[in-house]
Amino acid sequence: MSETNSKFDPFDPTGMFKDLRDNSVDAWAKMMVKLVHTDAYAESTAKMLDAWLASSGPFRKAVDSSMSQALAGMNMPSLDDVTRLAERMTNIEIRLDDLDAKLDTILSRVSQDRQGS
Amino acid sequence: MNATENGMPRIPSLMETCEAWHRIAMNTKEFTRLVTTDAPVAQTPKEVVWTLNKAKLYRYTPVVPEDQRKPVPLLMVFAIMNRPHVLDLRPGHSFVEYMLQEGYDLYLLDWGAPGPEDKNLKFDDYALEYLPRVVRKLKSISGSAESSMLGWCLGALISTIYAALRPDDGLRNLILLTAPLDFSDQKSSGFIRWTSDPSFKPEPITQTLGNIPGEMIDAGAKMLKPVENYVGSYLMLWDNIENKATTEAWHAMNTWVRDTIPMAGAAYEQLITEFYRNNALIKGELRIRGERVDLGRLTANLLNVIAEADHITPPCQSEGVMDLVGSEDKEIFRVRGGHIGIMAGRGAQKNTWPHIDAWLADRSGSARAENVDGGSP
């Protein structure tokens with residue numbers, strides 16, 4: 001992790017016990033890597049995530065719903081409206097890219113014809 | 001500050017004390033600056049030549065005269081849940097800069113950060129909606145009917161799918177870096193172990209959150225080696241705080257690590273169910289927009305770069321593909337290092353980059369001229 005420092009330096013808060021610190025951190029790191037690679041860890045984190053989603057989901061839905069209603073009341077677009085608009089913009093971009101491809105083909109053919117004649 | 005001859009610590013003078021505390025204060029200030037600010041990254045000159053939704057195709061400004069450039073252009077495809085800046089971290093330590101100096105016509109596909117409207121993007125879209133369009137544009141700009149592709153991490157997965165589905169699109173060379181393709185071993189890494197646990201359900205996550213927040217992906221990656229990432233990295237910085245070269249490198253890498261982006265929800269779900277759990281690509285059962293992905297149809301020259309100490313994509317996830325692809329010219333290149341270190345670490349400039357360049361240079365001569373009829377958007 002770092003160079004060995006056998007010098008005593010009262011003004012280096014981490015350097016004083018560097019060997020001890022590095023050895024402890026290395027041991028801790030190895031232990032944690034072993035821990036996070038166990039089935040028990042995988043199961044417990046999955047369950048914690050599940051519980052968090054289950055508890056926060058309804059709250060999140062309620063906030064979204066009230067926000068949509070408030071925005072609709074002010075004649076302003078909601079996130080869903082903006083999202084739908086963005087999707088349509090992407091579809092238009094795809095059509096434009098198709099046209100760009102066709103234009104490239106036409107220009108290339110014209111150029112080839114000119115070179116041929 | 002050293003011990004005296006009799007072994008007892010020498011009491012420092014008032015001046016030494018003041019100097020030492022001043023040094024600690026300055027180091028603390030520098031430490032805080034490095035941890036909380038962004039370093040300038042991705043500075044190599046480039047221009048946007050194509051966009052679609054959030055995706056951008058960049059062409060780097062060539063630094064070698066046209067007659068000395070490699071005829072086959074190179075497209076770099078990075079992962080979908082990180083910025084691609086790590087390929088161009090800082091001047092003097094940039095893969096992009098290195099390849100430009102070696103004479104490549106270099107392009108970078110930046111997927112961008114998906115918004116709520118992109119939560120339904122899947123690997124199908126990345127491989128068959130975006131990549132073929134990017135390749136068409138690249139061919140149109142470069143005038144070459146053939147191209148090389150370098151995919152890293154999930155970018156390598158997308159590149160592999162594309163190469164197998166569109167073998168006639170002019171892809172001459174494919175370079176895969178730490179490619180997560182084979183998930184036969186369900187205990188091979190932390191990610192697959194966590195997500196293959198029956199208690200883990202991706203559907204509620206995407207239903208609740210839409211896209212997977214970048215912070216969540218970052219935390220997942222860091223938790224694979226929690227002490228190194230949350231403690232060791234900062235201790236290393238403090239220990240080397242007066243070493244400008246080390247702190248600059250750390251600052252640039254930390255800037256890239258901190259700049260997280262979300263991952264499209266549908267792609268995340270697909271990654272876990274179809275790839276991690278069902279191993280559909282290797283089994284030959286993966287269907288992308290109704291087309292079966294047959295790795296035997298991947299015939300481009302293949303360089304598969306594997307990081308031997310990769311804890312995110314362990315070597316076994318990349319090796320298996322070699323027996324399944326149809327490429328006649330294929331090579332595995334093993335590098336000492338981790339998932340990112342093999343391309344951005346200290347050894348990359350001496351080892352990985354020259355090998356990629358040498359392999360690619362041998363296969364980048366005399367490209368066919370582009371006939372735009374061949375493009376398939």
# chains A, B, ... in the order shown; residues from 1 in each chain; ligands from 1
>>> residues_around(residues="range 271-276 of chain B", least_positions_apart="6", cutoff="7 Å", atoms="only C-alpha atoms", output="PDB file with N, CA and C atoms, in the first residue's frame")
ATOM      1  N   PHE B 183     -20.714 -16.484 -18.947  1.00  0.00           N
ATOM      2  CA  PHE B 183     -21.100 -16.490 -17.531  1.00  0.00           C
ATOM      3  C   PHE B 183     -21.407 -17.910 -17.044  1.00  0.00           C
ATOM      4  N   ILE B 192     -21.624 -11.290 -10.550  1.00  0.00           N
ATOM      5  CA  ILE B 192     -22.470 -12.414 -10.994  1.00  0.00           C
ATOM      6  C   ILE B 192     -22.971 -13.203  -9.789  1.00  0.00           C
ATOM      7  N   THR B 195     -25.878 -11.064  -8.377  1.00  0.00           N
ATOM      8  CA  THR B 195     -27.083 -10.963  -9.213  1.00  0.00           C
ATOM      9  C   THR B 195     -27.684 -12.317  -9.545  1.00  0.00           C
TER      10      THR B 195
END
>>> residues_around(residues="range 342-352 of chain B", least_positions_apart="5", cutoff="8 Å", atoms="only C-alpha atoms", output="MDAnalysis selection string")
chainID B and resid 86:87 89 93:95 307 335:337
>>> closest_residue(among="B:Ile24, B:Val48, B:Ile158, B:Leu128", to="chain A", atoms="only C-alpha atoms")
B:Ile24
>>> residues_around(residues="Thr90 in chain A", least_positions_apart="6", cutoff="12 Å", atoms="only C-alpha atoms", output="list in words")
Thr83, Arg84, Leu96 and Asp97 of chain A; Thr51, Leu52, Asn53, Lys54, Ala55, Gly115, Glu117, Asp118, Leu121, Glu129 and Tyr130 of chain B
>>> select_by_dssp(residues="range 168-372 of chain B", states="helix (DSSP H, G or I)", output="PyMOL selection string")
chain B and resi 190-196+202-209+214-222+226-239+244-258+265-277+280-283+295-297+316-323+341-344+352-361+372
>>> atom_distance(atom1="CA of Arg33 in chain B", atom2="CA of Ala20 in chain B")
19.9 Å
>>> residues_around(residues="Ser318 in chain B", least_positions_apart="5", cutoff="6 Å", atoms="only C-alpha atoms", output="PyMOL selection string")
chain B and resi 179-181
>>> select_by_dssp(residues="range 14-226 of chain B", states="strand (DSSP E or B)", output="VMD selection string")
chain B and resid 46 to 52 55 to 60 74 to 77 82 90 93 106 to 110 144 147 to 152 171 to 177 212
>>> closest_residue(among="B:Phe191, B:Val305, B:Asn229, B:Gly214", to="Asp39 in chain A", atoms="only C-alpha atoms")
B:Phe191
